[in-house]
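Here is the file coords-v2.cif (mmCIF, C-alpha atoms and all ligand atoms).
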```
data_target
#
loop_
_atom_site.label_atom_id
_atom_site.label_comp_id
_atom_site.auth_asym_id
_atom_site.auth_seq_id
_atom_site.Cartn_x
_atom_site.Cartn_y
_atom_site.Cartn_z
CA MET A 14 -3.86 39.44 -68.68
CA PRO A 15 -3.37 35.66 -68.31
CA LYS A 16 -5.03 33.71 -71.11
CA LYS A 17 -8.23 31.95 -70.03
CA ILE A 18 -7.63 28.22 -70.32
CA LYS A 19 -10.62 26.15 -71.38
CA PRO A 20 -11.48 23.33 -68.96
CA ILE A 21 -10.90 19.87 -70.38
CA ALA A 22 -12.97 16.83 -69.55
CA LEU A 23 -11.55 14.09 -67.34
CA VAL A 24 -11.61 10.56 -68.74
CA TYR A 25 -12.44 8.01 -66.00
CA ARG A 26 -11.28 4.42 -66.26
CA SER A 27 -14.04 1.94 -65.47
CA ASN A 28 -13.55 0.75 -61.88
CA THR A 29 -15.84 0.52 -58.86
CA LYS A 30 -14.71 3.81 -57.38
CA ASN A 31 -15.11 5.78 -60.61
CA ILE A 32 -18.49 4.23 -61.38
CA SER A 33 -19.67 5.32 -57.90
CA THR A 34 -18.32 8.85 -58.42
CA LEU A 35 -19.97 9.19 -61.83
CA ALA A 36 -23.27 7.74 -60.54
CA ARG A 37 -23.25 10.39 -57.81
CA ILE A 38 -22.57 13.14 -60.37
CA LEU A 39 -25.53 11.94 -62.46
CA LYS A 40 -27.82 11.75 -59.40
CA GLU A 41 -26.83 15.33 -58.52
CA GLY A 42 -27.87 16.53 -61.99
CA GLY A 43 -24.48 16.46 -63.76
CA LEU A 44 -23.60 15.26 -67.27
CA VAL A 45 -21.38 12.25 -68.03
CA ALA A 46 -20.31 11.02 -71.47
CA VAL A 47 -20.76 7.25 -71.59
CA PRO A 48 -19.70 4.39 -73.86
CA THR A 49 -22.44 2.36 -75.51
CA GLU A 50 -22.15 -0.49 -78.02
CA THR A 51 -23.27 1.92 -80.79
CA VAL A 52 -21.64 5.34 -80.17
CA TYR A 53 -20.67 7.37 -77.09
CA GLY A 54 -23.63 9.18 -75.49
CA LEU A 55 -23.90 12.29 -73.33
CA ALA A 56 -25.97 11.17 -70.34
CA ALA A 57 -28.10 12.90 -67.71
CA ASN A 58 -30.82 11.81 -65.29
CA ALA A 59 -33.86 11.49 -67.59
CA LEU A 60 -36.18 12.50 -64.72
CA ASN A 61 -34.38 15.82 -64.17
CA ALA A 62 -35.48 18.47 -66.69
CA LYS A 63 -32.69 20.88 -65.77
CA ALA A 64 -29.99 18.23 -66.24
CA CYS A 65 -31.47 17.23 -69.60
CA ARG A 66 -31.64 20.84 -70.74
CA ALA A 67 -27.86 21.02 -70.13
CA ILE A 68 -27.37 18.20 -72.67
CA PHE A 69 -28.97 20.33 -75.40
CA LYS A 70 -26.77 23.27 -74.41
CA ALA A 71 -23.51 21.27 -74.42
CA LYS A 72 -24.29 19.79 -77.86
CA GLY A 73 -25.74 22.97 -79.36
CA ARG A 74 -28.76 20.82 -80.17
CA PRO A 75 -32.17 22.38 -80.89
CA GLU A 76 -34.76 21.51 -78.25
CA ASN A 77 -37.13 20.10 -80.88
CA ASP A 78 -34.85 17.06 -81.30
CA PRO A 79 -35.88 14.52 -78.62
CA LEU A 80 -33.48 12.33 -76.60
CA ILE A 81 -33.25 8.55 -76.22
CA VAL A 82 -33.73 7.24 -72.68
CA HIS A 83 -31.56 4.30 -71.56
CA ILE A 84 -32.68 1.85 -68.89
CA HIS A 85 -30.90 -1.07 -67.27
CA SER A 86 -33.59 -3.77 -67.45
CA LEU A 87 -36.99 -4.52 -68.91
CA LYS A 88 -38.52 -4.30 -65.43
CA ASP A 89 -37.62 -0.57 -65.44
CA LEU A 90 -39.63 0.12 -68.61
CA HIS A 91 -43.10 0.49 -67.05
CA GLN A 92 -41.90 3.48 -65.01
CA ILE A 93 -41.27 5.57 -68.10
CA ALA A 94 -43.34 4.12 -71.00
CA GLU A 95 -46.49 2.13 -71.84
CA LYS A 96 -45.68 -1.43 -72.88
CA ASN A 97 -47.56 -3.40 -75.52
CA SER A 98 -47.56 -6.97 -76.81
CA ALA A 99 -44.81 -6.41 -79.39
CA VAL A 100 -42.36 -4.92 -76.86
CA ASP A 101 -41.77 -8.23 -75.07
CA LEU A 102 -41.07 -10.05 -78.33
CA LEU A 103 -38.49 -7.48 -79.44
CA ALA A 104 -37.00 -7.10 -75.98
CA HIS A 105 -36.52 -10.85 -75.76
CA ALA A 106 -34.81 -10.95 -79.16
CA PHE A 107 -32.71 -7.76 -79.14
CA TRP A 108 -32.28 -6.26 -75.66
CA PRO A 109 -29.79 -5.46 -74.32
CA GLY A 110 -28.68 -4.16 -77.72
CA PRO A 111 -28.84 -1.50 -80.44
CA LEU A 112 -32.63 -1.19 -80.79
CA THR A 113 -34.63 1.86 -79.66
CA LEU A 114 -38.40 1.67 -79.33
CA VAL A 115 -40.69 4.70 -79.47
CA LEU A 116 -43.60 4.16 -77.04
CA PRO A 117 -46.26 6.30 -75.31
CA LYS A 118 -44.52 8.07 -72.42
CA LYS A 119 -45.39 8.20 -68.74
CA ASN A 120 -45.70 11.54 -66.91
CA CYS A 121 -42.42 11.29 -65.00
CA ILE A 122 -40.46 11.95 -68.22
CA PRO A 123 -40.14 15.74 -68.55
CA SER A 124 -41.25 17.30 -71.82
CA ILE A 125 -37.73 18.61 -72.58
CA VAL A 126 -36.61 14.96 -73.06
CA THR A 127 -39.27 14.21 -75.68
CA SER A 128 -39.50 17.69 -77.23
CA ASN A 129 -43.12 17.85 -76.04
CA LEU A 130 -44.06 14.63 -77.87
CA PRO A 131 -46.40 12.26 -76.03
CA SER A 132 -43.97 9.41 -76.84
CA VAL A 133 -40.52 8.48 -75.53
CA ALA A 134 -37.66 6.63 -77.26
CA VAL A 135 -36.22 3.90 -75.01
CA ARG A 136 -33.42 1.38 -75.23
CA ILE A 137 -31.53 -1.10 -73.04
CA PRO A 138 -27.86 -0.85 -74.02
CA SER A 139 -25.52 -3.85 -73.90
CA HIS A 140 -22.18 -2.14 -73.22
CA PRO A 141 -21.01 -3.69 -69.90
CA VAL A 142 -19.42 -0.47 -68.59
CA PHE A 143 -22.50 1.65 -69.27
CA ARG A 144 -24.68 -1.08 -67.75
CA LYS A 145 -22.67 -0.88 -64.52
CA LEU A 146 -23.27 2.86 -64.37
CA LEU A 147 -26.99 2.50 -65.16
CA LYS A 148 -27.32 -0.08 -62.39
CA LYS A 149 -25.43 2.04 -59.88
CA THR A 150 -27.56 5.15 -60.53
CA GLY A 151 -30.82 3.19 -60.53
CA LEU A 152 -32.10 5.91 -62.89
CA PRO A 153 -33.23 6.10 -66.51
CA LEU A 154 -30.51 8.06 -68.34
CA ALA A 155 -31.27 10.30 -71.32
CA ALA A 156 -28.36 10.27 -73.76
CA PRO A 157 -28.01 11.53 -77.32
CA SER A 158 -24.77 10.87 -79.17
CA ALA A 159 -21.91 12.82 -77.52
CA ASN A 160 -21.03 15.04 -80.50
CA PRO A 161 -21.73 18.68 -81.34
CA PHE A 162 -25.10 18.79 -83.12
CA GLY A 163 -24.86 17.65 -86.76
CA TYR A 164 -21.22 16.50 -86.60
CA VAL A 165 -19.89 12.94 -86.96
CA SER A 166 -20.82 10.75 -83.94
CA PRO A 167 -18.06 9.66 -81.51
CA THR A 168 -17.00 6.03 -81.23
CA THR A 169 -14.06 6.48 -78.84
CA SER A 170 -13.50 8.57 -75.71
CA ALA A 171 -10.82 10.49 -77.66
CA HIS A 172 -13.51 11.57 -80.16
CA VAL A 173 -15.59 12.91 -77.25
CA VAL A 174 -12.61 14.80 -75.81
CA GLU A 175 -11.85 16.21 -79.28
CA SER A 176 -15.30 17.63 -79.93
CA LEU A 177 -16.96 18.19 -76.53
CA GLY A 178 -13.94 18.21 -74.19
CA SER A 179 -14.28 21.92 -73.42
CA LYS A 180 -18.04 21.73 -72.83
CA ILE A 181 -18.29 18.80 -70.40
CA ASN A 182 -16.31 17.59 -67.38
CA HIS A 183 -16.69 13.81 -67.16
CA ILE A 184 -16.18 10.99 -69.68
CA LEU A 185 -16.38 7.29 -68.83
CA GLU A 186 -13.87 5.15 -70.79
CA GLY A 187 -15.30 2.08 -72.48
CA GLY A 188 -13.00 1.45 -75.46
CA ALA A 189 -14.06 1.67 -79.11
CA CYS A 190 -17.80 1.15 -79.66
CA GLU A 191 -18.42 -2.25 -81.18
CA VAL A 192 -21.28 -1.53 -83.59
CA GLY A 193 -20.09 1.95 -84.61
CA VAL A 194 -23.41 3.32 -85.92
CA GLU A 195 -26.39 4.38 -83.83
CA SER A 196 -29.26 2.14 -82.76
CA THR A 197 -32.17 1.24 -85.01
CA ILE A 198 -35.21 3.35 -84.04
CA LEU A 199 -38.62 1.71 -84.35
CA ASP A 200 -41.90 3.50 -83.72
CA LEU A 201 -43.90 0.86 -81.85
CA ARG A 202 -46.72 3.00 -80.47
CA ASN A 203 -49.06 0.81 -82.48
CA PRO A 204 -47.85 -2.83 -82.11
CA LYS A 205 -49.69 -3.77 -85.33
CA LEU A 206 -48.03 -0.97 -87.30
CA PRO A 207 -44.30 -0.82 -86.53
CA VAL A 208 -42.47 1.96 -88.40
CA LEU A 209 -38.70 2.11 -88.93
CA LEU A 210 -37.53 5.67 -88.14
CA ARG A 211 -33.75 5.13 -88.37
CA PRO A 212 -31.83 2.10 -89.70
CA GLY A 213 -29.08 0.95 -87.34
CA GLY A 214 -27.47 -2.03 -85.64
CA ILE A 215 -30.58 -4.27 -85.88
CA SER A 216 -31.93 -4.71 -89.41
CA LYS A 217 -35.55 -4.27 -90.49
CA ASN A 218 -35.44 -7.86 -91.72
CA LYS A 219 -34.60 -9.24 -88.30
CA ILE A 220 -37.37 -7.18 -86.68
CA GLU A 221 -39.92 -8.41 -89.23
CA LYS A 222 -38.95 -12.01 -88.53
CA VAL A 223 -39.49 -11.60 -84.81
CA LEU A 224 -42.76 -9.66 -85.08
CA LYS A 225 -44.04 -11.71 -88.04
CA LEU A 226 -45.23 -8.38 -89.43
CA LYS A 227 -44.17 -6.03 -92.22
CA VAL A 228 -42.25 -3.03 -90.87
CA LEU A 229 -43.03 0.21 -92.71
CA SER A 230 -40.20 2.53 -93.62
CA GLY A 231 -40.54 5.94 -92.05
CA ASN A 232 -39.94 7.73 -95.35
CA LYS A 233 -43.28 6.41 -96.62
CA ILE A 234 -45.11 8.07 -93.73
CA ARG A 235 -46.33 11.66 -93.71
CA HIS A 236 -46.64 13.52 -90.46
CA PRO A 237 -48.24 16.96 -90.01
CA ASN A 238 -45.57 18.16 -87.54
CA LEU A 239 -42.57 17.19 -89.63
CA LYS A 240 -41.01 18.89 -92.65
CA SER A 241 -41.46 17.04 -95.94
CA GLY A 242 -39.08 14.10 -96.15
CA GLN A 243 -38.37 14.19 -92.39
CA ILE A 244 -39.60 11.08 -90.59
CA SER A 245 -38.72 11.79 -87.00
CA PRO A 246 -37.78 15.01 -85.26
CA GLY A 247 -34.00 15.24 -85.35
CA LEU A 248 -33.56 12.93 -88.32
CA LEU A 249 -32.38 15.64 -90.66
CA LYS A 250 -31.21 15.12 -94.21
CA LYS A 251 -27.87 16.70 -93.31
CA HIS A 252 -26.26 15.03 -90.30
CA TYR A 253 -23.14 13.11 -89.31
CA SER A 254 -21.29 15.59 -91.51
CA PRO A 255 -17.55 16.15 -91.64
CA HIS A 256 -16.52 19.77 -92.28
CA THR A 257 -14.73 18.64 -95.46
CA PRO A 258 -17.20 18.38 -98.39
CA LEU A 259 -18.16 14.75 -99.02
CA THR A 260 -19.64 13.35 -102.23
CA LEU A 261 -21.20 9.91 -102.41
CA SER A 262 -21.30 7.53 -105.42
CA ASP A 263 -22.69 4.05 -105.88
CA HIS A 264 -19.21 2.83 -106.76
CA LEU A 265 -15.74 4.42 -106.78
CA LYS A 266 -13.15 3.62 -109.43
CA VAL A 267 -9.53 3.14 -108.36
CA ARG A 268 -8.42 4.84 -111.57
CA SER A 269 -10.33 8.04 -110.66
CA ALA A 270 -8.59 8.08 -107.30
CA ILE A 271 -5.13 7.64 -108.80
CA ASN A 272 -5.75 10.29 -111.48
CA SER A 273 -7.30 12.82 -109.10
CA SER A 274 -5.61 15.80 -107.48
CA LYS A 275 -3.50 14.99 -104.43
CA ASN A 276 -5.80 16.81 -102.02
CA GLU A 277 -8.84 14.63 -102.72
CA ALA A 278 -9.40 11.60 -100.47
CA TRP A 279 -11.13 8.47 -101.77
CA LEU A 280 -12.97 6.27 -99.28
CA PHE A 281 -13.67 2.73 -100.43
CA ILE A 282 -15.76 0.19 -98.53
CA LYS A 283 -13.28 -2.62 -99.32
CA LYS A 284 -9.54 -2.19 -99.76
CA PRO A 285 -8.86 -2.00 -103.51
CA ASN A 286 -6.61 -4.87 -104.59
CA GLY A 287 -2.90 -4.21 -104.94
CA VAL A 288 -3.15 -0.40 -104.94
CA ILE A 289 -1.16 1.82 -102.62
CA ALA A 290 -1.78 5.56 -102.81
CA LYS A 291 -1.77 8.16 -100.05
CA ASN A 292 -5.24 9.39 -100.95
CA ILE A 293 -6.93 5.96 -100.90
CA PHE A 294 -8.71 4.82 -97.72
CA PHE A 295 -11.05 1.94 -96.90
CA LEU A 296 -13.51 0.89 -94.18
CA SER A 297 -12.65 -2.81 -94.17
CA ARG A 298 -9.67 -4.66 -95.62
CA SER A 299 -11.86 -7.63 -96.61
CA GLY A 300 -15.07 -5.73 -97.32
CA ASN A 301 -16.75 -7.04 -94.15
CA LEU A 302 -19.69 -4.66 -93.59
CA THR A 303 -19.87 -5.14 -89.82
CA GLU A 304 -16.26 -4.02 -89.68
CA ALA A 305 -17.01 -1.18 -92.12
CA ALA A 306 -19.78 0.12 -89.81
CA HIS A 307 -17.48 -0.18 -86.80
CA ASN A 308 -14.83 1.97 -88.56
CA LEU A 309 -17.10 4.44 -90.40
CA PHE A 310 -17.22 7.42 -87.99
CA SER A 311 -13.62 6.98 -86.91
CA VAL A 312 -12.36 7.08 -90.50
CA LEU A 313 -14.60 10.06 -91.33
CA ARG A 314 -13.17 11.95 -88.34
CA ASP A 315 -9.59 11.06 -89.34
CA LEU A 316 -10.19 12.23 -92.90
CA ASP A 317 -11.78 15.41 -91.60
CA SER A 318 -8.69 16.26 -89.59
CA GLY A 319 -6.42 15.70 -92.60
CA ASN A 320 -5.94 18.52 -95.10
CA TRP A 321 -8.27 17.08 -97.73
CA LYS A 322 -10.24 19.47 -99.91
CA GLN A 323 -12.79 16.84 -100.86
CA ILE A 324 -13.79 13.35 -99.68
CA HIS A 325 -15.24 10.93 -102.25
CA ALA A 326 -17.09 8.02 -100.66
CA GLU A 327 -18.98 5.02 -102.03
CA LYS A 328 -22.10 3.21 -100.84
CA ALA A 329 -22.07 -0.22 -99.22
CA ILE A 330 -23.81 -2.96 -101.20
CA GLY A 331 -26.19 -5.26 -99.36
CA SER A 332 -29.00 -5.31 -96.83
CA ASP A 333 -28.90 -5.19 -93.02
CA ILE A 334 -25.97 -3.11 -91.75
CA ALA A 335 -25.30 -1.78 -95.30
CA VAL A 336 -28.58 0.15 -95.03
CA ALA A 337 -27.37 1.86 -91.82
CA ILE A 338 -23.95 2.67 -93.34
CA ASN A 339 -25.57 4.19 -96.44
CA ASP A 340 -28.07 6.16 -94.36
CA ARG A 341 -25.16 7.84 -92.51
CA LEU A 342 -23.17 8.42 -95.73
CA ILE A 343 -26.17 9.94 -97.52
CA ARG A 344 -26.72 12.37 -94.63
CA ALA A 345 -22.99 13.15 -94.40
CA ALA A 346 -23.04 14.03 -98.12
CA SER A 347 -26.24 16.07 -97.98
CA LYS A 348 -26.01 19.83 -98.33
CA ARG A 349 -29.59 20.46 -97.25
CA ASN A 350 -30.78 20.50 -93.66
CA HIS A 351 -34.23 19.13 -94.42
O1 LIG B 1 -27.33 4.38 -80.55
C1 LIG B 1 -27.98 5.34 -80.18
O2 LIG B 1 -29.21 5.42 -80.34
C2 LIG B 1 -27.21 6.50 -79.49
C3 LIG B 1 -26.68 5.98 -78.15
C4 LIG B 1 -26.03 7.07 -77.33
O3 LIG B 1 -27.70 5.33 -77.45
N1 LIG B 1 -28.06 7.63 -79.32
C5 LIG B 1 -28.45 8.42 -80.36
O4 LIG B 1 -29.19 9.52 -79.98
O5 LIG B 1 -28.18 8.19 -81.50
P1 LIG B 1 -29.43 10.77 -80.92
O6 LIG B 1 -29.91 11.84 -80.03
O7 LIG B 1 -28.24 11.08 -81.69
O8 LIG B 1 -30.63 10.35 -81.80
C6 LIG B 1 -31.91 10.28 -81.22
C7 LIG B 1 -32.98 10.41 -82.28
C8 LIG B 1 -33.57 11.80 -82.40
O9 LIG B 1 -32.81 12.62 -83.24
C9 LIG B 1 -34.94 11.51 -82.95
O10 LIG B 1 -34.85 11.44 -84.36
C10 LIG B 1 -35.27 10.14 -82.39
O11 LIG B 1 -34.09 9.63 -81.83
N2 LIG B 1 -36.29 10.22 -81.33
C11 LIG B 1 -36.10 10.40 -80.01
N3 LIG B 1 -37.27 10.43 -79.34
C12 LIG B 1 -38.23 10.25 -80.28
C13 LIG B 1 -39.66 10.18 -80.24
N4 LIG B 1 -40.33 10.29 -79.12
N5 LIG B 1 -40.31 9.98 -81.41
C14 LIG B 1 -39.63 9.83 -82.58
N6 LIG B 1 -38.28 9.89 -82.69
C15 LIG B 1 -37.59 10.10 -81.56
MG MG B 2 -26.85 11.87 -82.89
#
```

Show me this structure written as structure tokens.
Ligand code: TXA
Ligand code: MG
Amino acid sequence: MPKKIKPIALVYRSNTKNISTLARILKEGGLVAVPTETVYGLAANALNAKACRAIFKAKGRPENDPLIVHIHSLKDLHQIAEKNSAVDLLAHAFWPGPLTLVLPKKNCIPSIVTSNLPSVAVRIPSHPVFRKLLKKTGLPLAAPSANPFGYVSPTTSAHVVESLGSKINHILEGGACEVGVESTILDLRNPKLPVLLRPGGISKNKIEKVLKLKVLSGNKIRHPNLKSGQISPGLLKKHYSPHTPLTLSDHLKVRSAINSSKNEAWLFIKKPNGVIAKNIFFLSRSGNLTEAAHNLFSVLRDLDSGNWKQIHAEKAIGSDIAVAINDRLIRAASKRNH
């Protein structure tokens, strides 16, 4: 019997012909992995329930974890969500860009997209290649990160091939994602009471400055439909996790790394001065946190494919993007699902 060969996804370079082909595939209900400025997403027509259901299947994602819907321009928003006074302020300041707003949804968005919630998460991405595709389809596109559920998010097309290449057929090339961590998610259903659900590319500080309002942190909110400690469906304690066990400390010591067993990897935020050892890694040579965020998922994936028995990581120090980096590291280190 000949061995059954698994299909492997095609990676399409961004050119007019390929964008047209992929737009047609999306219009016909297919799935396409797309580059965004945060991480690669797995996109489908957000108005097509069957196509969106296929996203959950490809990722192995539970259907109670709602999707983010991507639109090309602010003028497209009214078709899928109810606007309010705060939306324009934030859109003006941060869109296109890594900010997702949770708003009351319109009927055209099928319940599979929002896991039956009456709200929808929306963002206008800034990646020029994805924007071309969004424009060409003329559709809102639902897209979660293009990784198997719970695993480290993809920031290059090679990451998508590696972990979903046998489950999907089409990937649009867009280079390495600039930001490297997912968008900030803000619940803005009540414009007077914005709630941060997930830290990301746009800091809470910046949002507060624009809105001239205090933004609550989701972990201070209790919700009857969510498990204790969970602030949004899908935001599980354990997420973004490499298969290799990862422990997280406030600060790593170079000496511990040098004295440790050879099969333990040590991941510093900033390159330790003057030390060269095969088990020492870093997210930024200079300690630049924007660069550290950009490299985070890539380095975690690399470490995961090495033969390490244990990864020791340290937290980033600071506000803004450091909060997003630490959020991902804490979840990567967590052993509990919720
Ligand atoms: O940067 C990003 O946001 C990337 C790119 C592809 O755009 N997308 C992304 O999607 O990170 P995903 O599926 O990995 O995370 C979406 C999360 C859900 O897990 C859920 O926590 C939250 O967004 N979410 C979606 N719809 C929601 C809603 N209606 N209410 C509250 N939270 C929602
Ligand atoms: Mg994700």

May I ask which of the residues A:Ala278, A:Leu90, A:Leu103, A:Ala159 is the closest one to Leu199 (chain A), counting only C-alpha atoms?
-> A:Leu103

Listed atoms of region 84-99 of chain A, axis-aligned box, 6 Å per side: centre and edge lengths to one decimal in Å, as AutoDock Vina command-line options?
```
--center_x -39.2 --center_y -0.7 --center_z -72.2 --size_x 28.7 --size_y 24.5 --size_z 26.4
```

Would you mind listing what lies within 8 Å of Leu80 (chain A) as a PyMOL selection string, with only C-alpha atoms counted and same-chain residues fewer than 5 positions away left out?
-> chain A and resi 126-127+134+155-157

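Nearest-residue note for Asp101 (chain A): choosing from A:Leu302, A:Val47, A:Cys121, A:Val223, the minimum distance belongs to A:Val223, counting only C-alpha atoms.
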
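Proximity to ligand MG 2 (chain B) was assessed for A:Pro138, A:Pro255, A:Pro161, A:Pro109 counting only C-alpha atoms and all ligand atoms; the smallest distance is recorded for A:Pro161.
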